[in-house]
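J.: My structure is below; once you've seen it, I'll send some questions.
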Amino acid sequence: MTPGRPRELGASVPDRQIDAPIRQGSTDLAGAVGLREMVGGAQRLLDEAGVPSARHDALALAVFALGVERVDLVVPPPLPDEFAAAYAELVDRRRRREPLQHIVGSTGFRYLTLAVEPGVFVPRPETEVVAGLAVDEAAARIAAGRRPLVVDLCTGTGAIAVSVATEAPAARVVAVDVSPRAVALATRNADAAGARVRVEVGDVRDPDLLADLAGAVDVVVANPPYIPPDAEPTEPEVRDHDPDVALYGGGADGLDLPRAVLAAAARLLAPGGLLVVEHAEVQAGALVAAADATGAFEEVRTVPDLTGRPRALVARRRSRAHRVT
């Protein structure tokens, strides 16, 4: 379980009679039907709509509507009079495939609860592995008596940057995104976590990006856009709600922006510095080849995500002279 996410409970699913009152959003539900039945009915509606995590989401929406951190469906709490109507509206929004994170305004990521909002990419569980690689490298350098400098490119909500800053608090952390809206949200998330993060607007393709840090960075980490133009996401939550600027990587293979990350990392990293870049499973070989082709990196390899799929490139900055392509 990721901290900050509602805990799944094994309450039994009642019969189908709850579906009709949930659909109607009747304010009489609170007195006529218990929370367990409401959550069961909501789960069925979300299942019918194709929501892949119907049980989890039905419960998460109940937790949000009640304004509590968790609920126990074995011994459910009393329901306020307005709960049924409010819950029915939330379930209907999720049934129409509005992202759960947008509805509740937050998501769990490692040990954080991050604010999310429309127009900014919602961080995914697989990116927690990418963040963990950056955290581990920063922590190792701190243990060696250093104050590592970590740069998070294409930061979005600031999930990776804030994770590093809170889990390795001696690290100096800089986060960059091309979207002013994302930069504003990442700043809010850093402030809410009490993390010291320098957050600024910047384009990873800019050869002068973070020029003041050139050759001084210990870790460059990025979850850049990498979807090819002909690979439209099938999930409505992604296709219809995540911004295109955070999805499509450019070029026929979707790797224009990941290649720009490689070039930026070659400029920014100190010798021996670590690079971590998330990518799609099918792009592993191509991105490894692109990293090798720069001549700037060594120990280039691919790291699996939580499901064992190759989803992140890891490499170290060479110490000798190099060429950047």
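Simple scheme: letters A, B, ... for chains in structure tokens order, numbers from 1 for residues in each chain, numbers from 1 for ligands in the order shown.
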Report as a PyMOL selection string all protein, DNA and RNA residues lying within 10 Å of range 316-320 of chain A, evaluated on only C-alpha atoms, omitting residues in the same chain fewer than 3 positions from it.
T.: chain A and resi 215+218-220+265-276+295-301
J.: Would you save the residues of that selection, restricted to N, CA and C atoms, as an mmCIF file, in the first residue's frame?
T.:
```cif
data_model
loop_
_atom_site.group_PDB
_atom_site.id
_atom_site.type_symbol
_atom_site.label_atom_id
_atom_site.label_comp_id
_atom_site.auth_asym_id
_atom_site.auth_seq_id
_atom_site.Cartn_x
_atom_site.Cartn_y
_atom_site.Cartn_z
ATOM 1 N N GLY A 215 27.682 20.761 -14.971
ATOM 2 C CA GLY A 215 28.816 20.001 -14.473
ATOM 3 C C GLY A 215 28.864 19.820 -12.971
ATOM 4 N N ASP A 218 24.644 15.972 -9.105
ATOM 5 C CA ASP A 218 24.919 14.584 -8.722
ATOM 6 C C ASP A 218 23.889 13.599 -9.269
ATOM 7 N N VAL A 219 22.645 14.035 -9.386
ATOM 8 C CA VAL A 219 21.583 13.168 -9.891
ATOM 9 C C VAL A 219 20.679 13.982 -10.805
ATOM 10 N N VAL A 220 20.449 13.480 -12.002
ATOM 11 C CA VAL A 220 19.393 14.005 -12.878
ATOM 12 C C VAL A 220 18.352 12.910 -13.011
ATOM 13 N N ALA A 265 21.247 16.073 -19.312
ATOM 14 C CA ALA A 265 21.988 15.380 -18.267
ATOM 15 C C ALA A 265 23.479 15.359 -18.556
ATOM 16 N N ALA A 266 23.850 15.207 -19.828
ATOM 17 C CA ALA A 266 25.268 15.218 -20.192
ATOM 18 C C ALA A 266 25.911 16.541 -19.833
ATOM 19 N N ARG A 267 25.172 17.626 -19.970
ATOM 20 C CA ARG A 267 25.699 18.948 -19.605
ATOM 21 C C ARG A 267 25.718 19.171 -18.097
ATOM 22 N N LEU A 268 24.681 18.695 -17.412
ATOM 23 C CA LEU A 268 24.491 19.044 -16.008
ATOM 24 C C LEU A 268 25.264 18.155 -15.043
ATOM 25 N N LEU A 269 25.383 16.875 -15.351
ATOM 26 C CA LEU A 269 25.950 15.938 -14.387
ATOM 27 C C LEU A 269 27.458 16.110 -14.221
ATOM 28 N N ALA A 270 27.891 15.996 -12.980
ATOM 29 C CA ALA A 270 29.318 15.894 -12.682
ATOM 30 C C ALA A 270 29.786 14.487 -13.032
ATOM 31 N N PRO A 271 31.065 14.283 -13.258
ATOM 32 C CA PRO A 271 31.565 12.928 -13.498
ATOM 33 C C PRO A 271 31.110 11.967 -12.397
ATOM 34 N N GLY A 272 30.591 10.830 -12.815
ATOM 35 C CA GLY A 272 30.077 9.856 -11.860
ATOM 36 C C GLY A 272 28.647 10.097 -11.430
ATOM 37 N N GLY A 273 28.047 11.205 -11.877
ATOM 38 C CA GLY A 273 26.675 11.505 -11.518
ATOM 39 C C GLY A 273 25.700 10.518 -12.146
ATOM 40 N N LEU A 274 24.553 10.346 -11.499
ATOM 41 C CA LEU A 274 23.575 9.344 -11.909
ATOM 42 C C LEU A 274 22.444 9.970 -12.710
ATOM 43 N N LEU A 275 22.065 9.285 -13.783
ATOM 44 C CA LEU A 275 20.913 9.658 -14.592
ATOM 45 C C LEU A 275 19.846 8.580 -14.471
ATOM 46 N N VAL A 276 18.592 8.989 -14.238
ATOM 47 C CA VAL A 276 17.451 8.077 -14.196
ATOM 48 C C VAL A 276 16.349 8.674 -15.058
ATOM 49 N N GLY A 295 27.992 9.135 -26.070
ATOM 50 C CA GLY A 295 29.359 9.032 -25.590
ATOM 51 C C GLY A 295 29.557 9.611 -24.212
ATOM 52 N N ALA A 296 28.474 10.111 -23.592
ATOM 53 C CA ALA A 296 28.593 10.804 -22.308
ATOM 54 C C ALA A 296 28.376 9.900 -21.111
ATOM 55 N N PHE A 297 27.862 8.682 -21.348
ATOM 56 C CA PHE A 297 27.439 7.858 -20.221
ATOM 57 C C PHE A 297 28.102 6.486 -20.241
ATOM 58 N N GLU A 298 28.184 5.900 -19.062
ATOM 59 C CA GLU A 298 28.661 4.543 -18.903
ATOM 60 C C GLU A 298 27.727 3.813 -17.939
ATOM 61 N N GLU A 299 27.925 2.512 -17.811
ATOM 62 C CA GLU A 299 27.063 1.693 -16.937
ATOM 63 C C GLU A 299 25.588 1.884 -17.298
ATOM 64 N N VAL A 300 25.308 1.967 -18.581
ATOM 65 C CA VAL A 300 23.932 2.182 -19.045
ATOM 66 C C VAL A 300 23.157 0.875 -18.924
ATOM 67 N N ARG A 301 22.001 0.952 -18.281
ATOM 68 C CA ARG A 301 21.184 -0.247 -18.089
ATOM 69 C C ARG A 301 19.717 0.137 -17.950
#
```
J.: Skipping near chain neighbours, those fewer than 6 positions away, what residues fall within 10 Å of range 111-121 of chain A using only C-alpha atoms, listed as number ranges by chain?
T.: A: 2-5, 99, 101-105, 128, 155-159, 162-163, 166-167, 179-183, 185-186, 188-190, 192-193, 225, 238, 241-247
J.: One number please: CA of Tyr226 in chain A to CA of Leu262 in chain A, in Å, one decimal.
T.: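 These atoms are spaced 13.1 Å apart.
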J.: Output as a ChimeraX atom specification all residues of range 113-265 of chain A that backbone DSSP marks as strand (DSSP E or B).
T.: /A:113-115,149-153,172-177,197-201,217-222,227,248
J.: Those same residues - N, CA and C atoms - I'd like them written as an mmCIF file, in the first residue's frame.
T.:
```cif
data_model
loop_
_atom_site.group_PDB
_atom_site.id
_atom_site.type_symbol
_atom_site.label_atom_id
_atom_site.label_comp_id
_atom_site.auth_asym_id
_atom_site.auth_seq_id
_atom_site.Cartn_x
_atom_site.Cartn_y
_atom_site.Cartn_z
ATOM 1 N N THR A 113 1.316 12.780 0.271
ATOM 2 C CA THR A 113 0.013 13.029 -0.332
ATOM 3 C C THR A 113 0.158 14.327 -1.108
ATOM 4 N N LEU A 114 0.030 14.225 -2.429
ATOM 5 C CA LEU A 114 0.277 15.359 -3.307
ATOM 6 C C LEU A 114 -1.031 15.943 -3.811
ATOM 7 N N ALA A 115 -1.092 17.263 -3.893
ATOM 8 C CA ALA A 115 -2.215 17.907 -4.555
ATOM 9 C C ALA A 115 -2.105 17.676 -6.050
ATOM 10 N N LEU A 149 23.384 17.410 -5.111
ATOM 11 C CA LEU A 149 22.510 18.274 -5.889
ATOM 12 C C LEU A 149 21.721 17.400 -6.848
ATOM 13 N N VAL A 150 20.397 17.460 -6.744
ATOM 14 C CA VAL A 150 19.499 16.614 -7.529
ATOM 15 C C VAL A 150 18.617 17.503 -8.389
ATOM 16 N N VAL A 151 18.510 17.184 -9.670
ATOM 17 C CA VAL A 151 17.664 17.932 -10.595
ATOM 18 C C VAL A 151 16.578 17.011 -11.133
ATOM 19 N N ASP A 152 15.340 17.434 -10.995
ATOM 20 C CA ASP A 152 14.183 16.703 -11.511
ATOM 21 C C ASP A 152 13.653 17.458 -12.722
ATOM 22 N N LEU A 153 13.827 16.874 -13.903
ATOM 23 C CA LEU A 153 13.352 17.484 -15.141
ATOM 24 C C LEU A 153 11.951 16.989 -15.465
ATOM 25 N N ARG A 172 20.164 19.022 -1.976
ATOM 26 C CA ARG A 172 19.682 20.249 -2.622
ATOM 27 C C ARG A 172 18.918 19.816 -3.861
ATOM 28 N N VAL A 173 17.703 20.297 -4.005
ATOM 29 C CA VAL A 173 16.821 19.788 -5.060
ATOM 30 C C VAL A 173 16.318 20.932 -5.926
ATOM 31 N N VAL A 174 16.397 20.717 -7.237
ATOM 32 C CA VAL A 174 15.902 21.676 -8.224
ATOM 33 C C VAL A 174 14.919 20.941 -9.120
ATOM 34 N N ALA A 175 13.787 21.570 -9.398
ATOM 35 C CA ALA A 175 12.761 20.962 -10.245
ATOM 36 C C ALA A 175 12.384 21.925 -11.363
ATOM 37 N N VAL A 176 12.191 21.364 -12.553
ATOM 38 C CA VAL A 176 11.912 22.189 -13.736
ATOM 39 C C VAL A 176 10.742 21.592 -14.509
ATOM 40 N N ASP A 177 9.896 22.457 -15.051
ATOM 41 C CA ASP A 177 8.847 22.007 -15.957
ATOM 42 C C ASP A 177 8.549 23.120 -16.952
ATOM 43 N N VAL A 197 12.709 23.116 -2.151
ATOM 44 C CA VAL A 197 12.926 22.758 -3.554
ATOM 45 C C VAL A 197 12.911 24.030 -4.380
ATOM 46 N N ARG A 198 13.908 24.217 -5.199
ATOM 47 C CA ARG A 198 13.914 25.305 -6.175
ATOM 48 C C ARG A 198 13.132 24.843 -7.393
ATOM 49 N N VAL A 199 12.018 25.501 -7.666
ATOM 50 C CA VAL A 199 11.145 25.093 -8.768
ATOM 51 C C VAL A 199 11.065 26.240 -9.762
ATOM 52 N N GLU A 200 11.271 25.925 -11.041
ATOM 53 C CA GLU A 200 11.240 26.986 -12.043
ATOM 54 C C GLU A 200 10.760 26.474 -13.391
ATOM 55 N N VAL A 201 10.288 27.417 -14.190
ATOM 56 C CA VAL A 201 9.858 27.105 -15.549
ATOM 57 C C VAL A 201 11.082 26.954 -16.433
ATOM 58 N N VAL A 217 25.944 18.691 -10.989
ATOM 59 C CA VAL A 217 24.788 17.948 -10.489
ATOM 60 C C VAL A 217 25.152 16.494 -10.209
ATOM 61 N N ASP A 218 24.644 15.972 -9.105
ATOM 62 C CA ASP A 218 24.919 14.584 -8.722
ATOM 63 C C ASP A 218 23.889 13.599 -9.269
ATOM 64 N N VAL A 219 22.645 14.035 -9.386
ATOM 65 C CA VAL A 219 21.583 13.168 -9.891
ATOM 66 C C VAL A 219 20.679 13.982 -10.805
ATOM 67 N N VAL A 220 20.449 13.480 -12.002
ATOM 68 C CA VAL A 220 19.393 14.005 -12.878
ATOM 69 C C VAL A 220 18.352 12.910 -13.011
ATOM 70 N N VAL A 221 17.110 13.232 -12.689
ATOM 71 C CA VAL A 221 16.026 12.269 -12.761
ATOM 72 C C VAL A 221 14.885 12.902 -13.547
ATOM 73 N N ALA A 222 14.190 12.094 -14.346
ATOM 74 C CA ALA A 222 13.131 12.656 -15.180
ATOM 75 C C ALA A 222 12.082 11.606 -15.513
ATOM 76 N N ILE A 227 5.162 9.239 -25.038
ATOM 77 C CA ILE A 227 4.221 8.492 -25.867
ATOM 78 C C ILE A 227 4.403 8.884 -27.336
ATOM 79 N N TYR A 248 2.966 13.285 -24.872
ATOM 80 C CA TYR A 248 3.588 12.946 -26.150
ATOM 81 C C TYR A 248 5.023 13.465 -26.220
#
```
J.: Tell me, in Å to one decimal, how far CA of Ala58 in chain A is from CA of Val91 in chain A.
T.: 7.1 Å
J.: Can you pull out every residue within 6 Å of Pro148 in chain A, counting only C-alpha atoms, but drop anything in the same chain fewer than 2 positions away, and send it as number ranges by chain?
T.: A: 138, 146, 171, 218
J.: Out of A:Val74, A:Val277, A:Ala49, A:Ala42, which residue has the shortest atom-to-atom distance to Ala62 in chain A when counting only C-alpha atoms?
T.: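 Closest candidate: A:Ala42.
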J.: Write out as number ranges by chain which residues come within 7 Å of Arg311 in chain A when counting only C-alpha atoms, dropping same-chain ones fewer than 3 positions away.
T.: A: 278-281, 284, 303-305
J.: Grab the CA of Ala264 in chain A to CA of Pro207 in chain A distance for me, in Å with one decimal place.
T.: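 Separating CA of Ala264 in chain A from CA of Pro207 in chain A is a distance of 7.2 Å.
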J.: Show which residues sit within 12 Å of Val75 in chain A, as a PyMOL selection string. Count only C-alpha atoms, and ignore same-chain residues fewer than 2 positions away.
T.: chain A and resi 9+11+34-36+70-73+77-78
J.: From the DSSP assignment of the backbone, select every residue of range 76-214 of chain A that is helix (DSSP H, G or I), and format the answer as a short mmCIF file (atom, residue, chain, number, x, y, z; two decimals) with N, CA and C atoms, in the first residue's frame.
T.:
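Below is the file that was written, result-v2.cif:
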```cif
data_model
loop_
_atom_site.label_atom_id
_atom_site.label_comp_id
_atom_site.auth_asym_id
_atom_site.auth_seq_id
_atom_site.Cartn_x
_atom_site.Cartn_y
_atom_site.Cartn_z
N PHE A 83 -25.07 13.15 2.94
CA PHE A 83 -24.05 12.26 2.39
C PHE A 83 -24.50 11.56 1.12
N ALA A 84 -25.71 11.02 1.10
CA ALA A 84 -26.14 10.20 -0.03
C ALA A 84 -26.09 10.98 -1.34
N ALA A 85 -26.62 12.21 -1.32
CA ALA A 85 -26.62 13.02 -2.55
C ALA A 85 -25.20 13.37 -2.97
N ALA A 86 -24.36 13.74 -2.00
CA ALA A 86 -22.98 14.11 -2.31
C ALA A 86 -22.22 12.91 -2.86
N TYR A 87 -22.42 11.75 -2.26
CA TYR A 87 -21.72 10.55 -2.70
C TYR A 87 -22.17 10.14 -4.10
N ALA A 88 -23.47 10.22 -4.34
CA ALA A 88 -23.98 9.87 -5.67
C ALA A 88 -23.38 10.75 -6.75
N GLU A 89 -23.20 12.04 -6.47
CA GLU A 89 -22.61 12.95 -7.45
C GLU A 89 -21.15 12.58 -7.72
N LEU A 90 -20.41 12.26 -6.68
CA LEU A 90 -19.01 11.88 -6.84
C LEU A 90 -18.89 10.58 -7.64
N VAL A 91 -19.74 9.62 -7.34
CA VAL A 91 -19.70 8.35 -8.06
C VAL A 91 -20.03 8.56 -9.54
N ASP A 92 -20.98 9.45 -9.82
CA ASP A 92 -21.34 9.70 -11.21
C ASP A 92 -20.17 10.34 -11.97
N ARG A 93 -19.43 11.23 -11.32
CA ARG A 93 -18.27 11.83 -11.97
C ARG A 93 -17.24 10.75 -12.29
N ARG A 94 -17.01 9.84 -11.35
CA ARG A 94 -16.03 8.78 -11.61
C ARG A 94 -16.55 7.82 -12.66
N ARG A 95 -17.87 7.57 -12.67
CA ARG A 95 -18.47 6.69 -13.68
C ARG A 95 -18.23 7.24 -15.08
N LEU A 100 -10.02 9.76 -10.53
CA LEU A 100 -10.26 9.80 -9.09
C LEU A 100 -9.44 10.91 -8.44
N GLN A 101 -8.19 11.05 -8.89
CA GLN A 101 -7.31 12.05 -8.27
C GLN A 101 -7.83 13.47 -8.48
N HIS A 102 -8.43 13.73 -9.63
CA HIS A 102 -9.01 15.06 -9.86
C HIS A 102 -10.23 15.29 -8.98
N ILE A 103 -11.01 14.25 -8.76
CA ILE A 103 -12.21 14.39 -7.95
C ILE A 103 -11.86 14.69 -6.50
N VAL A 104 -10.91 13.94 -5.95
CA VAL A 104 -10.57 14.13 -4.53
C VAL A 104 -9.48 15.18 -4.34
N THR A 127 6.19 5.34 -11.29
CA THR A 127 7.19 6.40 -11.15
C THR A 127 7.79 6.41 -9.74
N GLU A 128 7.15 5.73 -8.81
CA GLU A 128 7.71 5.63 -7.46
C GLU A 128 9.05 4.91 -7.49
N VAL A 129 9.21 3.95 -8.40
CA VAL A 129 10.49 3.25 -8.54
C VAL A 129 11.56 4.22 -9.03
N VAL A 130 11.21 5.04 -10.01
CA VAL A 130 12.15 6.05 -10.53
C VAL A 130 12.56 7.00 -9.42
N ALA A 131 11.59 7.48 -8.65
CA ALA A 131 11.91 8.37 -7.54
C ALA A 131 12.81 7.67 -6.52
N GLY A 132 12.53 6.39 -6.27
CA GLY A 132 13.33 5.65 -5.30
C GLY A 132 14.78 5.53 -5.70
N LEU A 133 15.06 5.39 -6.99
CA LEU A 133 16.44 5.33 -7.46
C LEU A 133 17.17 6.64 -7.18
N ALA A 134 16.48 7.76 -7.39
CA ALA A 134 17.08 9.06 -7.11
C ALA A 134 17.27 9.26 -5.61
N VAL A 135 16.28 8.85 -4.82
CA VAL A 135 16.39 8.96 -3.37
C VAL A 135 17.58 8.15 -2.86
N ASP A 136 17.70 6.92 -3.33
CA ASP A 136 18.78 6.04 -2.86
C ASP A 136 20.16 6.62 -3.19
N GLU A 137 20.30 7.16 -4.40
CA GLU A 137 21.58 7.76 -4.77
C GLU A 137 21.90 8.98 -3.90
N ALA A 138 20.88 9.81 -3.68
CA ALA A 138 21.09 10.99 -2.84
C ALA A 138 21.44 10.57 -1.41
N ALA A 139 20.74 9.57 -0.89
CA ALA A 139 20.99 9.11 0.47
C ALA A 139 22.40 8.55 0.61
N ALA A 140 22.87 7.82 -0.40
CA ALA A 140 24.21 7.25 -0.35
C ALA A 140 25.27 8.36 -0.32
N ARG A 141 25.06 9.39 -1.07
CA ARG A 141 26.01 10.50 -1.08
C ARG A 141 25.97 11.28 0.23
N ILE A 142 24.79 11.41 0.81
CA ILE A 142 24.68 12.06 2.12
C ILE A 142 25.43 11.24 3.18
N ALA A 143 25.27 9.92 3.12
CA ALA A 143 25.96 9.05 4.07
C ALA A 143 27.47 9.17 3.94
N ALA A 159 6.35 15.39 -7.80
CA ALA A 159 6.35 14.15 -7.03
C ALA A 159 7.76 13.64 -6.75
N ILE A 160 8.61 13.58 -7.78
CA ILE A 160 9.96 13.06 -7.58
C ILE A 160 10.79 14.04 -6.76
N ALA A 161 10.74 15.31 -7.11
CA ALA A 161 11.55 16.31 -6.41
C ALA A 161 11.21 16.37 -4.93
N VAL A 162 9.93 16.38 -4.61
CA VAL A 162 9.52 16.47 -3.21
C VAL A 162 9.85 15.18 -2.46
N SER A 163 9.76 14.04 -3.14
CA SER A 163 10.16 12.78 -2.51
C SER A 163 11.63 12.81 -2.13
N VAL A 164 12.48 13.27 -3.04
CA VAL A 164 13.91 13.35 -2.74
C VAL A 164 14.15 14.32 -1.58
N ALA A 165 13.50 15.48 -1.63
CA ALA A 165 13.74 16.51 -0.62
C ALA A 165 13.27 16.09 0.77
N THR A 166 12.24 15.25 0.84
CA THR A 166 11.74 14.83 2.15
C THR A 166 12.41 13.55 2.65
N GLU A 167 12.79 12.67 1.74
CA GLU A 167 13.43 11.41 2.15
C GLU A 167 14.93 11.52 2.29
N PRO A 180 3.95 26.49 -16.71
CA PRO A 180 3.83 27.34 -15.51
C PRO A 180 2.82 26.79 -14.51
N ARG A 181 1.76 26.16 -15.01
CA ARG A 181 0.76 25.58 -14.11
C ARG A 181 1.37 24.45 -13.29
N ALA A 182 2.17 23.61 -13.93
CA ALA A 182 2.83 22.54 -13.21
C ALA A 182 3.82 23.09 -12.19
N VAL A 183 4.55 24.12 -12.56
CA VAL A 183 5.51 24.73 -11.64
C VAL A 183 4.80 25.28 -10.41
N ALA A 184 3.66 25.91 -10.61
CA ALA A 184 2.90 26.45 -9.48
C ALA A 184 2.44 25.32 -8.57
N LEU A 185 1.95 24.22 -9.16
CA LEU A 185 1.49 23.10 -8.35
C LEU A 185 2.64 22.41 -7.63
N ALA A 186 3.76 22.23 -8.31
CA ALA A 186 4.92 21.61 -7.67
C ALA A 186 5.41 22.46 -6.50
N THR A 187 5.36 23.77 -6.66
CA THR A 187 5.76 24.67 -5.57
C THR A 187 4.84 24.50 -4.37
N ARG A 188 3.54 24.41 -4.64
CA ARG A 188 2.57 24.19 -3.56
C ARG A 188 2.82 22.88 -2.84
N ASN A 189 3.11 21.83 -3.62
CA ASN A 189 3.35 20.53 -3.00
C ASN A 189 4.62 20.53 -2.17
N ALA A 190 5.64 21.20 -2.65
CA ALA A 190 6.88 21.30 -1.87
C ALA A 190 6.62 22.06 -0.57
N ASP A 191 5.92 23.16 -0.67
CA ASP A 191 5.62 23.96 0.54
C ASP A 191 4.78 23.15 1.53
N ALA A 192 3.79 22.42 1.03
CA ALA A 192 2.92 21.65 1.91
C ALA A 192 3.69 20.55 2.64
N ALA A 193 4.72 20.01 1.99
CA ALA A 193 5.53 18.95 2.59
C ALA A 193 6.66 19.50 3.45
N ALA A 211 21.98 26.62 -16.65
CA ALA A 211 23.39 26.81 -16.99
C ALA A 211 24.26 27.02 -15.76
N ASP A 212 23.69 27.57 -14.69
CA ASP A 212 24.46 27.81 -13.47
C ASP A 212 24.84 26.52 -12.76
N LEU A 213 24.21 25.40 -13.15
CA LEU A 213 24.50 24.12 -12.49
C LEU A 213 25.31 23.17 -13.37
#
```
J.: Let me make sure I understand: among A:Pro224, A:Pro169, A:Gly308, A:Pro258, which one has the smallest atom-to-atom distance to Val288 in chain A if we use only C-alpha atoms?
T.: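 Nearest candidate to Val288 in chain A out of A:Pro224, A:Pro169, A:Gly308, A:Pro258: A:Pro258.
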J.: Residues near Gln43 in chain A, anyone? I mean within 10 Å using only C-alpha atoms, not counting same-chain ones fewer than 5 positions away, as a list in words.
T.: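 The filter keeps Val13, Asp19, Glu37, Met38, Glu48, Ala49, Val51, Ser53, Ala54, Arg55, His56, Asp57, Ala58, Leu59, Val91 and Arg95 of chain A.
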J.: Just write the chosen residues, C-alpha atoms, as a CSV table (one decimal), in the first residue's frame.
T.:
```csv
chain,number,residue,atom,x,y,z
A,13,VAL,CA,-21.1,-6.8,-1.6
A,19,ASP,CA,-28.0,0.5,-7.7
A,37,GLU,CA,-24.5,-1.1,0.7
A,38,MET,CA,-23.8,2.3,-0.8
A,48,GLU,CA,-20.2,-1.4,-15.4
A,49,ALA,CA,-18.5,1.8,-16.6
A,51,VAL,CA,-13.4,1.6,-14.2
A,53,SER,CA,-10.3,-0.1,-9.7
A,54,ALA,CA,-14.0,0.1,-9.0
A,55,ARG,CA,-13.9,-1.3,-5.4
A,56,HIS,CA,-11.0,0.9,-4.4
A,57,ASP,CA,-12.5,4.0,-6.0
A,58,ALA,CA,-16.0,3.5,-4.5
A,59,LEU,CA,-14.4,3.4,-1.1
A,91,VAL,CA,-19.7,8.3,-8.1
A,95,ARG,CA,-18.5,6.7,-13.7
```
